[in-house]
file query.json (JSON, C-alpha atoms and all ligand atoms)
[["chain", "number", "residue", "atom", "x", "y", "z"],
["A", 1, "MET", "CA", 0.00, 0.00, 0.00],
["A", 2, "LEU", "CA", 1.74, 3.18, -1.19],
["A", 3, "HIS", "CA", -0.43, 5.73, 0.59],
["A", 4, "THR", "CA", -3.45, 5.61, 2.80],
["A", 5, "ARG", "CA", -6.58, 6.31, 0.79],
["A", 6, "THR", "CA", -9.08, 7.39, 3.41],
["A", 7, "THR", "CA", -9.56, 10.52, 5.47],
["A", 8, "PRO", "CA", -10.04, 10.50, 9.25],
["A", 9, "ALA", "CA", -13.69, 11.51, 8.76],
["A", 10, "GLU", "CA", -14.27, 8.56, 6.43],
["A", 11, "ARG", "CA", -12.70, 6.17, 8.95],
["A", 12, "ARG", "CA", -14.81, 7.55, 11.76],
["A", 13, "ARG", "CA", -17.93, 7.11, 9.67],
["A", 14, "ALA", "CA", -16.86, 3.57, 8.78],
["A", 15, "LEU", "CA", -16.40, 2.69, 12.46],
["A", 16, "ARG", "CA", -19.79, 4.06, 13.46],
["A", 17, "GLU", "CA", -21.52, 2.35, 10.54],
["A", 18, "ARG", "CA", -19.79, -0.92, 11.44],
["A", 19, "LEU", "CA", -20.87, -0.60, 15.08],
["A", 20, "ALA", "CA", -24.44, 0.15, 13.92],
["A", 21, "THR", "CA", -24.62, -3.27, 12.25],
["A", 22, "GLY", "CA", -24.83, -4.92, 15.65],
["A", 23, "ARG", "CA", -22.28, -7.52, 14.53],
["A", 24, "LEU", "CA", -19.30, -8.03, 16.81],
["A", 25, "LEU", "CA", -16.20, -6.12, 15.66],
["A", 26, "LEU", "CA", -12.87, -7.83, 16.40],
["A", 27, "MET", "CA", -10.27, -5.21, 17.32],
["A", 28, "PRO", "CA", -6.62, -6.27, 17.73],
["A", 29, "GLY", "CA", -4.14, -3.91, 19.36],
["A", 30, "ALA", "CA", -1.25, -2.91, 17.10],
["A", 31, "LEU", "CA", 2.25, -3.10, 18.55],
["A", 32, "ASN", "CA", 3.69, -0.69, 15.98],
["A", 33, "PRO", "CA", 2.50, 1.06, 12.79],
["A", 34, "LEU", "CA", 3.51, -1.85, 10.54],
["A", 35, "SER", "CA", 1.45, -4.29, 12.61],
["A", 36, "ALA", "CA", -1.56, -1.97, 12.15],
["A", 37, "ARG", "CA", -1.13, -2.53, 8.42],
["A", 38, "LEU", "CA", -0.87, -6.26, 9.04],
["A", 39, "ILE", "CA", -4.12, -6.12, 11.02],
["A", 40, "GLN", "CA", -5.70, -4.52, 7.96],
["A", 41, "ASP", "CA", -4.04, -6.96, 5.57],
["A", 42, "THR", "CA", -5.37, -9.84, 7.63],
["A", 43, "GLY", "CA", -8.92, -8.63, 7.08],
["A", 44, "PHE", "CA", -9.77, -6.98, 10.39],
["A", 45, "GLU", "CA", -11.95, -3.88, 10.13],
["A", 46, "ALA", "CA", -10.44, -1.81, 12.95],
["A", 47, "ALA", "CA", -7.31, -1.58, 15.08],
["A", 48, "TYR", "CA", -6.54, -0.43, 18.59],
["A", 49, "LEU", "CA", -3.68, 1.41, 20.26],
["A", 50, "SER", "CA", -3.24, 0.08, 23.79],
["A", 51, "GLY", "CA", -1.93, 2.31, 26.55],
["A", 52, "ALA", "CA", -0.07, -0.65, 27.99],
["A", 53, "VAL", "CA", 1.57, -1.34, 24.63],
["A", 54, "LEU", "CA", 2.40, 2.32, 24.01],
["A", 55, "ALA", "CA", 4.05, 2.42, 27.44],
["A", 56, "ALA", "CA", 5.82, -0.93, 27.07],
["A", 57, "ASP", "CA", 7.12, 0.16, 23.66],
["A", 58, "LEU", "CA", 8.99, 2.88, 25.57],
["A", 59, "GLY", "CA", 10.12, 0.44, 28.26],
["A", 60, "LEU", "CA", 7.62, 1.93, 30.73],
["A", 61, "PRO", "CA", 5.06, 0.27, 33.01],
["A", 62, "ASP", "CA", 1.37, 1.01, 32.39],
["A", 63, "ILE", "CA", 1.01, 3.50, 35.24],
["A", 64, "GLY", "CA", 0.29, 6.73, 33.41],
["A", 65, "LEU", "CA", 3.89, 7.75, 32.63],
["A", 66, "THR", "CA", 3.28, 8.38, 28.95],
["A", 67, "THR", "CA", 2.23, 11.86, 27.85],
["A", 68, "SER", "CA", -0.65, 12.85, 25.60],
["A", 69, "THR", "CA", 1.74, 14.29, 23.03],
["A", 70, "GLU", "CA", 3.87, 11.11, 23.03],
["A", 71, "ILE", "CA", 0.87, 8.89, 22.31],
["A", 72, "ALA", "CA", -0.55, 11.37, 19.79],
["A", 73, "ALA", "CA", 2.71, 11.21, 17.84],
["A", 74, "ARG", "CA", 2.66, 7.40, 17.84],
["A", 75, "ALA", "CA", -1.01, 7.49, 16.86],
["A", 76, "GLN", "CA", -0.21, 9.71, 13.88],
["A", 77, "GLN", "CA", 2.47, 7.26, 12.75],
["A", 78, "THR", "CA", -0.07, 4.45, 13.05],
["A", 79, "THR", "CA", -2.93, 6.14, 11.21],
["A", 80, "ARG", "CA", -0.48, 6.87, 8.39],
["A", 81, "ALA", "CA", 0.23, 3.17, 8.02],
["A", 82, "THR", "CA", -3.33, 1.88, 7.70],
["A", 83, "ASP", "CA", -6.73, 2.85, 6.31],
["A", 84, "LEU", "CA", -8.48, 1.18, 9.22],
["A", 85, "PRO", "CA", -10.30, 3.16, 11.89],
["A", 86, "VAL", "CA", -8.07, 3.17, 14.98],
["A", 87, "LEU", "CA", -9.34, 3.49, 18.56],
["A", 88, "ILE", "CA", -6.81, 4.63, 21.16],
["A", 89, "ASP", "CA", -6.55, 4.08, 24.89],
["A", 90, "ALA", "CA", -6.32, 7.62, 26.27],
["A", 91, "ASP", "CA", -6.03, 6.38, 29.87],
["A", 92, "THR", "CA", -7.56, 8.96, 32.25],
["A", 93, "GLY", "CA", -7.31, 11.76, 29.70],
["A", 94, "PHE", "CA", -3.96, 12.81, 31.18],
["A", 95, "GLY", "CA", -5.24, 14.90, 34.06],
["A", 96, "GLU", "CA", -8.17, 17.19, 34.76],
["A", 97, "PRO", "CA", -11.21, 17.69, 32.49],
["A", 98, "MET", "CA", -9.32, 20.44, 30.68],
["A", 99, "ASN", "CA", -6.56, 17.91, 29.93],
["A", 100, "ALA", "CA", -9.15, 15.43, 28.63],
["A", 101, "ALA", "CA", -10.43, 18.17, 26.33],
["A", 102, "ARG", "CA", -6.95, 18.79, 24.95],
["A", 103, "THR", "CA", -6.39, 15.04, 24.60],
["A", 104, "VAL", "CA", -9.49, 14.68, 22.43],
["A", 105, "GLN", "CA", -8.25, 17.38, 20.07],
["A", 106, "LEU", "CA", -4.75, 15.91, 19.92],
["A", 107, "MET", "CA", -6.18, 12.49, 19.06],
["A", 108, "GLU", "CA", -8.55, 13.92, 16.46],
["A", 109, "ASP", "CA", -5.58, 15.71, 14.87],
["A", 110, "ALA", "CA", -3.68, 12.38, 14.86],
["A", 111, "GLY", "CA", -6.33, 10.93, 12.54],
["A", 112, "LEU", "CA", -7.81, 8.49, 15.05],
["A", 113, "ALA", "CA", -11.40, 7.26, 14.88],
["A", 114, "GLY", "CA", -11.96, 7.51, 18.61],
["A", 115, "LEU", "CA", -10.61, 7.09, 22.11],
["A", 116, "HIS", "CA", -11.59, 5.78, 25.51],
["A", 117, "LEU", "CA", -11.22, 7.65, 28.80],
["A", 118, "GLU", "CA", -11.24, 5.76, 32.11],
["A", 119, "ASP", "CA", -12.45, 6.72, 35.58],
["A", 120, "GLN", "CA", -9.26, 5.77, 37.40],
["A", 121, "VAL", "CA", -7.32, 8.40, 39.32],
["A", 122, "ASN", "CA", -3.77, 9.27, 38.35],
["A", 123, "PRO", "CA", -1.42, 7.41, 38.55],
["A", 124, "LYS", "CA", -3.60, 4.82, 36.86],
["A", 125, "ARG", "CA", -2.72, 1.13, 36.67],
["A", 126, "CYS", "CA", -3.66, -1.71, 34.39],
["A", 127, "GLY", "CA", -7.35, -2.35, 34.89],
["A", 128, "HIS", "CA", -6.70, -5.99, 35.69],
["A", 129, "LEU", "CA", -4.47, -5.27, 38.67],
["A", 130, "ASP", "CA", -5.67, -4.97, 42.26],
["A", 131, "GLY", "CA", -5.60, -1.77, 44.29],
["A", 132, "LYS", "CA", -7.16, 0.53, 41.74],
["A", 133, "THR", "CA", -8.66, 3.84, 42.85],
["A", 134, "ILE", "CA", -11.43, 5.43, 40.85],
["A", 135, "THR", "CA", -12.39, 9.05, 40.63],
["A", 136, "PRO", "CA", -15.72, 10.27, 42.07],
["A", 137, "ARG", "CA", -18.51, 9.77, 39.56],
["A", 138, "GLU", "CA", -19.16, 13.47, 39.13],
["A", 139, "GLU", "CA", -15.48, 14.08, 38.37],
["A", 140, "MET", "CA", -15.61, 11.50, 35.59],
["A", 141, "VAL", "CA", -18.83, 13.04, 34.30],
["A", 142, "ARG", "CA", -17.00, 16.37, 34.08],
["A", 143, "ARG", "CA", -14.13, 14.64, 32.27],
["A", 144, "ILE", "CA", -16.56, 13.24, 29.69],
["A", 145, "ARG", "CA", -18.47, 16.48, 29.25],
["A", 146, "ALA", "CA", -15.19, 18.32, 28.64],
["A", 147, "ALA", "CA", -14.21, 15.71, 26.06],
["A", 148, "VAL", "CA", -17.57, 15.94, 24.28],
["A", 149, "ASP", "CA", -17.39, 19.73, 24.25],
["A", 150, "ALA", "CA", -13.86, 19.73, 22.80],
["A", 151, "ARG", "CA", -14.65, 17.28, 20.00],
["A", 152, "ARG", "CA", -14.76, 18.96, 16.59],
["A", 153, "ASP", "CA", -15.80, 16.01, 14.47],
["A", 154, "PRO", "CA", -19.04, 14.52, 15.81],
["A", 155, "GLY", "CA", -18.00, 11.28, 14.13],
["A", 156, "PHE", "CA", -15.05, 10.88, 16.50],
["A", 157, "LEU", "CA", -16.04, 8.13, 18.94],
["A", 158, "LEU", "CA", -15.86, 8.98, 22.64],
["A", 159, "MET", "CA", -15.93, 5.83, 24.75],
["A", 160, "ALA", "CA", -16.03, 5.90, 28.54],
["A", 161, "ARG", "CA", -14.35, 3.13, 30.46],
["A", 162, "THR", "CA", -15.29, 2.32, 34.00],
["A", 163, "ASP", "CA", -12.95, 0.45, 36.31],
["A", 164, "ALA", "CA", -15.62, 0.48, 39.01],
["A", 165, "ARG", "CA", -16.47, -3.22, 38.90],
["A", 166, "ALA", "CA", -13.29, -4.08, 40.81],
["A", 167, "VAL", "CA", -13.67, -1.21, 43.30],
["A", 168, "GLU", "CA", -17.39, -0.62, 43.88],
["A", 169, "GLY", "CA", -18.97, -3.70, 42.31],
["A", 170, "LEU", "CA", -20.95, -4.52, 39.20],
["A", 171, "ALA", "CA", -24.07, -2.55, 40.08],
["A", 172, "ALA", "CA", -22.04, 0.59, 40.69],
["A", 173, "ALA", "CA", -20.18, 0.07, 37.44],
["A", 174, "ILE", "CA", -23.53, -0.09, 35.62],
["A", 175, "ASP", "CA", -24.78, 3.06, 37.35],
["A", 176, "ARG", "CA", -21.59, 4.86, 36.43],
["A", 177, "ALA", "CA", -21.85, 3.69, 32.83],
["A", 178, "LYS", "CA", -25.37, 5.09, 32.57],
["A", 179, "ALA", "CA", -24.20, 8.42, 34.00],
["A", 180, "TYR", "CA", -21.34, 8.49, 31.51],
["A", 181, "VAL", "CA", -23.75, 7.89, 28.64],
["A", 182, "ASP", "CA", -25.94, 10.71, 29.94],
["A", 183, "ALA", "CA", -22.82, 12.90, 29.96],
["A", 184, "GLY", "CA", -22.31, 12.19, 26.27],
["A", 185, "ALA", "CA", -20.25, 8.99, 25.96],
["A", 186, "ASP", "CA", -21.02, 7.19, 22.68],
["A", 187, "ALA", "CA", -19.93, 3.77, 23.98],
["A", 188, "ILE", "CA", -18.85, 2.04, 27.18],
["A", 189, "PHE", "CA", -15.86, -0.14, 28.09],
["A", 190, "PRO", "CA", -16.64, -2.08, 31.27],
["A", 191, "GLU", "CA", -13.19, -3.04, 32.51],
["A", 192, "ALA", "CA", -12.34, -6.37, 34.10],
["A", 193, "LEU", "CA", -15.76, -8.03, 34.20],
["A", 194, "ALA", "CA", -15.26, -11.52, 35.58],
["A", 195, "ASP", "CA", -17.27, -13.91, 33.45],
["A", 196, "GLU", "CA", -20.03, -14.43, 30.92],
["A", 197, "ALA", "CA", -22.74, -13.78, 33.50],
["A", 198, "GLU", "CA", -21.31, -10.35, 34.31],
["A", 199, "PHE", "CA", -20.91, -9.48, 30.65],
["A", 200, "GLU", "CA", -24.56, -10.44, 30.14],
["A", 201, "VAL", "CA", -25.81, -8.36, 33.06],
["A", 202, "PHE", "CA", -23.86, -5.36, 31.85],
["A", 203, "ARG", "CA", -25.11, -5.77, 28.29],
["A", 204, "THR", "CA", -28.72, -5.94, 29.44],
["A", 205, "ALA", "CA", -28.38, -2.81, 31.53],
["A", 206, "VAL", "CA", -26.47, -0.42, 29.28],
["A", 207, "PRO", "CA", -28.01, 0.42, 25.87],
["A", 208, "VAL", "CA", -25.00, 1.75, 23.92],
["A", 209, "PRO", "CA", -22.18, -0.02, 22.06],
["A", 210, "LEU", "CA", -20.11, -2.04, 24.51],
["A", 211, "LEU", "CA", -16.49, -3.20, 24.33],
["A", 212, "ALA", "CA", -15.41, -6.51, 25.83],
["A", 213, "ASN", "CA", -11.75, -6.52, 26.85],
["A", 214, "MET", "CA", -10.32, -9.95, 26.09],
["A", 215, "THR", "CA", -6.86, -9.28, 27.47],
["A", 216, "GLU", "CA", -4.72, -12.24, 28.50],
["A", 217, "PHE", "CA", -3.56, -13.06, 32.04],
["A", 218, "GLY", "CA", -6.14, -10.75, 33.63],
["A", 219, "LYS", "CA", -9.35, -10.98, 35.61],
["A", 220, "SER", "CA", -11.70, -11.63, 32.72],
["A", 221, "ARG", "CA", -12.40, -15.09, 31.41],
["A", 222, "LEU", "CA", -11.49, -15.12, 27.72],
["A", 223, "LEU", "CA", -14.77, -15.43, 25.82],
["A", 224, "ASP", "CA", -14.67, -16.24, 22.12],
["A", 225, "ALA", "CA", -16.21, -14.11, 19.40],
["A", 226, "ARG", "CA", -19.28, -16.29, 19.01],
["A", 227, "THR", "CA", -20.08, -16.00, 22.72],
["A", 228, "LEU", "CA", -19.54, -12.25, 22.78],
["A", 229, "ASP", "CA", -21.60, -11.79, 19.61],
["A", 230, "ASN", "CA", -24.43, -13.86, 21.06],
["A", 231, "LEU", "CA", -24.28, -11.74, 24.21],
["A", 232, "GLY", "CA", -24.75, -8.67, 22.01],
["A", 233, "TYR", "CA", -21.34, -7.08, 22.48],
["A", 234, "ASP", "CA", -20.11, -4.70, 19.82],
["A", 235, "ILE", "CA", -16.30, -4.84, 20.10],
["A", 236, "ALA", "CA", -14.04, -7.70, 21.16],
["A", 237, "LEU", "CA", -10.69, -6.16, 22.14],
["A", 238, "TYR", "CA", -7.35, -7.96, 22.01],
["A", 239, "PRO", "CA", -5.25, -5.07, 23.30],
["A", 240, "VAL", "CA", -1.86, -6.58, 24.12],
["A", 241, "THR", "CA", -2.04, -9.90, 22.26],
["A", 242, "LEU", "CA", 0.28, -8.92, 19.42],
["A", 243, "LEU", "CA", 2.89, -7.51, 21.79],
["A", 244, "ARG", "CA", 2.79, -10.62, 23.95],
["A", 245, "LEU", "CA", 3.10, -12.87, 20.91],
["A", 246, "ALA", "CA", 5.95, -10.82, 19.43],
["A", 247, "MET", "CA", 7.91, -10.54, 22.65],
["A", 248, "GLY", "CA", 7.49, -14.24, 23.29],
["A", 249, "ALA", "CA", 8.95, -15.04, 19.87],
["A", 250, "VAL", "CA", 11.72, -12.45, 20.27],
["A", 251, "GLU", "CA", 12.69, -13.86, 23.66],
["A", 252, "ASP", "CA", 12.87, -17.39, 22.23],
["A", 253, "GLY", "CA", 14.90, -16.12, 19.32],
["A", 254, "LEU", "CA", 17.43, -14.30, 21.46],
["A", 255, "ARG", "CA", 17.91, -17.39, 23.60],
["A", 256, "THR", "CA", 18.38, -19.53, 20.52],
["A", 257, "ILE", "CA", 21.02, -17.24, 19.02],
["A", 258, "ALA", "CA", 22.82, -17.07, 22.35],
["A", 259, "ALA", "CA", 22.75, -20.84, 22.71],
["A", 260, "GLU", "CA", 23.35, -21.92, 19.12],
["A", 261, "GLY", "CA", 25.37, -19.06, 17.71],
["A", 262, "THR", "CA", 23.05, -18.88, 14.71],
["A", 263, "GLN", "CA", 19.42, -18.15, 13.91],
["A", 264, "GLU", "CA", 19.27, -20.95, 11.34],
["A", 265, "SER", "CA", 16.73, -22.98, 13.30],
["A", 266, "LEU", "CA", 14.47, -19.94, 13.61],
["A", 267, "LEU", "CA", 14.09, -19.27, 9.91],
["A", 268, "PRO", "CA", 10.88, -21.30, 9.44],
["A", 269, "ARG", "CA", 9.18, -19.12, 12.11],
["A", 270, "MET", "CA", 10.25, -15.83, 10.60],
["A", 271, "GLN", "CA", 8.23, -13.56, 8.34],
["A", 272, "THR", "CA", 10.10, -13.84, 5.04],
["A", 273, "ARG", "CA", 11.74, -10.90, 3.34],
["A", 274, "SER", "CA", 9.31, -11.16, 0.46],
["A", 275, "ARG", "CA", 6.30, -11.10, 2.79],
["A", 276, "LEU", "CA", 7.72, -8.06, 4.59],
["A", 277, "TYR", "CA", 8.34, -6.33, 1.28],
["A", 278, "GLU", "CA", 4.83, -7.20, 0.16],
["A", 279, "LEU", "CA", 3.40, -5.70, 3.34],
["A", 280, "LEU", "CA", 5.52, -2.59, 2.89],
["A", 281, "GLY", "CA", 4.30, -2.19, -0.67],
["A", 282, "TYR", "CA", 7.80, -2.07, -2.14],
["A", 283, "GLU", "CA", 6.50, -2.62, -5.65],
["A", 284, "ASP", "CA", 4.25, 0.41, -5.41],
["A", 285, "TYR", "CA", 7.31, 2.60, -5.16],
["A", 286, "SER", "CA", 8.47, 1.48, -8.57],
["A", 287, "ALA", "CA", 5.92, 3.97, -9.85],
["A", 288, "PHE", "CA", 8.30, 6.68, -8.70],
["A", 289, "ASP", "CA", 11.58, 4.97, -9.45],
["A", 290, "SER", "CA", 11.75, 1.78, -11.45],
["A", 291, "ALA", "CA", 15.10, 0.98, -9.88],
["A", 292, "VAL", "CA", 13.72, 0.82, -6.34],
["A", 293, "PHE", "CA", 12.35, -2.69, -6.74],
["A", 294, "ASP", "CA", 14.31, -4.08, -9.67],
["A", 295, "PHE", "CA", 15.53, -7.13, -7.84],
["A", 296, "THR", "CA", 13.97, -10.54, -7.63],
["A", 297, "LEU", "CA", 13.85, -12.48, -4.42],
["A", 298, "PRO", "CA", 14.71, -16.19, -4.45],
["A", 299, "PRO", "CA", 11.61, -18.30, -3.68],
["A", 300, "GLY", "CA", 10.81, -18.69, 0.01],
["A", 301, "THR", "CA", 13.01, -15.77, 1.10],
["B", 401, "LIG", "C1", -6.81, -2.39, 27.74],
["B", 401, "LIG", "C2", -5.64, -1.81, 28.51],
["B", 401, "LIG", "O1", -6.05, -0.62, 29.15],
["B", 401, "LIG", "C3", -4.50, -1.45, 27.61],
["B", 401, "LIG", "O2", -3.76, -0.53, 27.99],
["B", 401, "LIG", "O3", -4.32, -2.15, 26.59],
["B", 401, "LIG", "C4", -5.07, -2.80, 29.56],
["B", 401, "LIG", "C5", -4.72, -4.13, 28.93],
["B", 401, "LIG", "C6", -3.82, -5.00, 29.81],
["B", 401, "LIG", "O4", -2.99, -4.45, 30.56],
["B", 401, "LIG", "O5", -3.94, -6.24, 29.74],
["B", 401, "LIG", "C7", -6.09, -2.93, 30.68],
["B", 401, "LIG", "O6", -6.98, -3.79, 30.56],
["B", 401, "LIG", "O7", -5.98, -2.12, 31.64],
["B", 402, "MG", "MG", -4.75, 0.87, 29.11]]
call {"tool": "encode", "arguments": {"input": "query.json", "output": "structure tokens", "more": "lines below"}}
Ligand SMILES: C[C@](O)(C(=O)O)[C@H](CC(=O)O)C(=O)O
Ligand SMILES: [Mg+2]
result
Amino acid sequence: MLHTRTTPAERRRALRERLATGRLLLMPGALNPLSARLIQDTGFEAAYLSGAVLAADLGLPDIGLTTSTEIAARAQQTTRATDLPVLIDADTGFGEPMNAARTVQLMEDAGLAGLHLEDQVNPKRCGHLDGKTITPREEMVRRIRAAVDARRDPGFLLMARTDARAVEGLAAAIDRAKAYVDAGADAIFPEALADEAEFEVFRTAVPVPLLANMTEFGKSRLLDARTLDNLGYDIALYPVTLLRLAMGAVEDGLRTIAAEGTQESLLPRMQTRSRLYELLGYEDYSAFDSAVFDFTLPPGT
């Protein structure tokens, strides 16, 4: 793919139209811009930028150390690498309601299709860890109202995430979700629900698009797409899956090279040069300079 072909407004419309179908949307989290293109090339219809992955990419824990401008820059690089609508994890909005307002505009300018804001206090932590503290409901309502007011493109999706299930219980999380919808949230991300029964209760109670976070090694049972679709969920999120897969393979690879003094045994597991070049659209650049891709690659390389 030489250039992206769609505008941010078109992507935002595509995301909303897709959510309006009522069919579950599978949303993998990209680990870098190229993997966002791979998500597209694999046939997914949307991608996600995880706060945990954005932090880990910088060697940081997911405790709110990244800045809004850092993640906006990474988001811009990502939206330049794919035509998919991309939803970003904007953590708590990076401070007070005024900061949430600025965050919305930064993420709109980065070409994203939407973001989610969570009701944790700063410093936040991964929603699947214990010891979370959530902000008073009215404070989160102010955060959402500020975000809605700052939005310039009404197509930009504002999703509110509540971490309340782990702190105040399921009923409180539902009450908060309803208040967030009343404040203008287009969709809700109920964090760290335990099992299918809780997902079902939440779905029945909250009448806007809902995201189910299928993150590994956390508090939620991993439900498959058929189950989530039957429950009536709108997005199935795989936020850190690609990073975990990649880092697992990288760790194995490093150990193999250290032990064997060669990567020969790893070759069958690698993405080939030709597949990488295909994903990067090398041939497209021949339109500018016929010499840029005038080589042939041996089969299987
Ligand atoms: C969705 C999430 O906010 C993220 O940053 O990707 C994390 C995912 C994870 O740490 O497994 C979360 O659920 O808090
Ligand atoms: Mg996060």
call {"tool": "residues_near_ligand", "arguments": {"input": "query.json", "ligand": "ligand LIG 401 (chain B)", "cutoff": "7 Å", "atoms": "all atoms listed in the file", "output": "mmCIF file with C-alpha atoms, in the coordinates of the input"}}
result
data_model
loop_
_atom_site.group_PDB
_atom_site.id
_atom_site.type_symbol
_atom_site.label_atom_id
_atom_site.label_comp_id
_atom_site.auth_asym_id
_atom_site.auth_seq_id
_atom_site.Cartn_x
_atom_site.Cartn_y
_atom_site.Cartn_z
ATOM 1 C CA SER A 50 -3.240 0.080 23.790
ATOM 2 C CA GLY A 51 -1.930 2.310 26.550
ATOM 3 C CA ALA A 52 -0.070 -0.650 27.990
ATOM 4 C CA VAL A 53 1.570 -1.340 24.630
ATOM 5 C CA ASP A 62 1.370 1.010 32.390
ATOM 6 C CA ASP A 89 -6.550 4.080 24.890
ATOM 7 C CA ARG A 125 -2.720 1.130 36.670
ATOM 8 C CA CYS A 126 -3.660 -1.710 34.390
ATOM 9 C CA GLY A 127 -7.350 -2.350 34.890
ATOM 10 C CA HIS A 128 -6.700 -5.990 35.690
ATOM 11 C CA GLU A 191 -13.190 -3.040 32.510
ATOM 12 C CA ALA A 192 -12.340 -6.370 34.100
ATOM 13 C CA ASN A 213 -11.750 -6.520 26.850
ATOM 14 C CA THR A 215 -6.860 -9.280 27.470
ATOM 15 C CA GLU A 216 -4.720 -12.240 28.500
ATOM 16 C CA GLY A 218 -6.140 -10.750 33.630
ATOM 17 C CA PRO A 239 -5.250 -5.070 23.300
ATOM 18 C CA VAL A 240 -1.860 -6.580 24.120
#
call {"tool": "residues_around", "arguments": {"input": "query.json", "residues": "Leu231 of chain A", "least_positions_apart": "4", "cutoff": "12 Å", "atoms": "only C-alpha atoms", "output": "list in words"}}
result
Gly22, Arg23, Leu24, Asp195, Glu196, Ala197, Glu198, Phe199, Glu200, Val201, Phe202, Arg203, Thr204, Leu210, Leu211, Ala212, Leu223, Asp224, Ala225, Arg226, Thr227, Ile235 and Ala236 of chain A
call {"tool": "residues_around", "arguments": {"input": "query.json", "residues": "Arg269 of chain A", "least_positions_apart": "6", "cutoff": "12 Å", "atoms": "all atoms listed in the file", "output": "list in words"}}
result
Ala246, Ala249, Val250, Asp252, Gly253 and Gln263 of chain A
call {"tool": "closest_residue", "arguments": {"input": "query.json", "among": "A:Tyr238, A:Leu38, A:Glu108, A:Gly131", "to": "ligand MG 402 (chain B)", "atoms": "only C-alpha atoms and all ligand atoms"}}
result
A:Tyr238
call {"tool": "residues_around", "arguments": {"input": "query.json", "residues": "segment 7-20 of chain A", "least_positions_apart": "2", "cutoff": "7 Å", "atoms": "only C-alpha atoms", "output": "list in words"}}
result
Arg5, Gly22, Leu84, Pro85, Gly111, Leu112, Ala113, Gly155, Phe156 and Asp234 of chain A
call {"tool": "residues_near_point", "arguments": {"input": "query.json", "point": "(-1.3, 11.0, 21.9)", "cutoff": "12 Å", "atoms": "only C-alpha atoms", "output": "PyMOL selection string"}}
result
chain A and resi 49-51+54-55+66-79+87-91+93-94+99-100+102-112+114-115
call {"tool": "atom_distance", "arguments": {"input": "query.json", "atom1": "atom CA of Tyr233 of chain A", "atom2": "atom CA of Asp186 of chain A"}}
result
14.3 Å
call {"tool": "closest_residue", "arguments": {"input": "query.json", "among": "A:Arg80, A:Leu237, A:Asn32, A:Asn230", "to": "ligand MG 402 (chain B)", "atoms": "all atoms listed in the file"}}
result
A:Leu237
call {"tool": "closest_residue", "arguments": {"input": "query.json", "among": "A:Gly95, A:Arg161, A:Met140, A:Arg37", "to": "ligand MG 402 (chain B)", "atoms": "only C-alpha atoms and all ligand atoms"}}
result
A:Arg161
call {"tool": "atom_distance", "arguments": {"input": "query.json", "atom1": "atom CA of Ala205 of chain A", "atom2": "atom CA of Thr241 of chain A"}}
result
28.8 Å
call {"tool": "atom_distance", "arguments": {"input": "query.json", "atom1": "atom CA of Arg244 of chain A", "atom2": "atom CA of Ser220 of chain A"}}
result
17.0 Å
call {"tool": "residues_around", "arguments": {"input": "query.json", "residues": "Asp294 of chain A", "least_positions_apart": "6", "cutoff": "12 Å", "atoms": "all atoms listed in the file", "output": "number ranges by chain"}}
result
A: 282-287
call {"tool": "axis_aligned_box", "arguments": {"input": "query.json", "around": "segment 294-301 of chain A", "padding_each_side": "5 Å", "output": "lines of an AutoDock Vina configuration file"}}
result
center_x = 13.2
center_y = -11.4
center_z = -4.3
size_x = 14.7
size_y = 24.6
size_z = 20.8
call {"tool": "residues_near_point", "arguments": {"input": "query.json", "point": "(-25.5, 3.4, 24.8)", "cutoff": "7 Å", "atoms": "all atoms listed in the file", "output": "VMD selection string"}}
result
chain A and resid 181 186 to 187 206 to 209
call {"tool": "closest_atom_pairs", "arguments": {"input": "query.json", "of": "segment 184-272 of chain A", "to": "segment 162-169 of chain A", "cutoff": "7 Å", "atoms": "all atoms listed in the file", "output": "Markdown table"}}
result
| residue | atom | partner | partner_atom | distance |
| --- | --- | --- | --- | --- |
| A:Phe189 | CA | A:Thr162 | CA | 6.4 |
| A:Pro190 | CA | A:Thr162 | CA | 5.4 |
| A:Glu191 | CA | A:Asp163 | CA | 5.2 |
| A:Leu193 | CA | A:Arg165 | CA | 6.8 |
call {"tool": "build_atoms", "arguments": {"input": "query.json", "residues": "segment 271-277 of chain A", "atoms": "N, CA and C atoms", "output": "PDB file, in the frame of the given file"}}
result
ATOM      1  N   GLN A 271       8.893 -14.147   9.502  1.00  0.00           N
ATOM      2  CA  GLN A 271       8.230 -13.560   8.340  1.00  0.00           C
ATOM      3  C   GLN A 271       9.322 -13.398   7.273  1.00  0.00           C
ATOM      4  N   THR A 272       9.047 -13.883   6.067  1.00  0.00           N
ATOM      5  CA  THR A 272      10.100 -13.840   5.040  1.00  0.00           C
ATOM      6  C   THR A 272      10.322 -12.407   4.559  1.00  0.00           C
ATOM      7  N   ARG A 273      11.454 -12.217   3.916  1.00  0.00           N
ATOM      8  CA  ARG A 273      11.740 -10.900   3.340  1.00  0.00           C
ATOM      9  C   ARG A 273      10.664 -10.535   2.321  1.00  0.00           C
ATOM     10  N   SER A 274      10.283 -11.494   1.517  1.00  0.00           N
ATOM     11  CA  SER A 274       9.310 -11.160   0.460  1.00  0.00           C
ATOM     12  C   SER A 274       7.971 -10.793   1.073  1.00  0.00           C
ATOM     13  N   ARG A 275       7.577 -11.449   2.151  1.00  0.00           N
ATOM     14  CA  ARG A 275       6.300 -11.100   2.790  1.00  0.00           C
ATOM     15  C   ARG A 275       6.410  -9.709   3.422  1.00  0.00           C
ATOM     16  N   LEU A 276       7.540  -9.409   4.027  1.00  0.00           N
ATOM     17  CA  LEU A 276       7.720  -8.060   4.590  1.00  0.00           C
ATOM     18  C   LEU A 276       7.650  -7.023   3.487  1.00  0.00           C
ATOM     19  N   TYR A 277       8.342  -7.298   2.386  1.00  0.00           N
ATOM     20  CA  TYR A 277       8.340  -6.330   1.280  1.00  0.00           C
ATOM     21  C   TYR A 277       6.952  -6.162   0.684  1.00  0.00           C
TER      22      TYR A 277
END
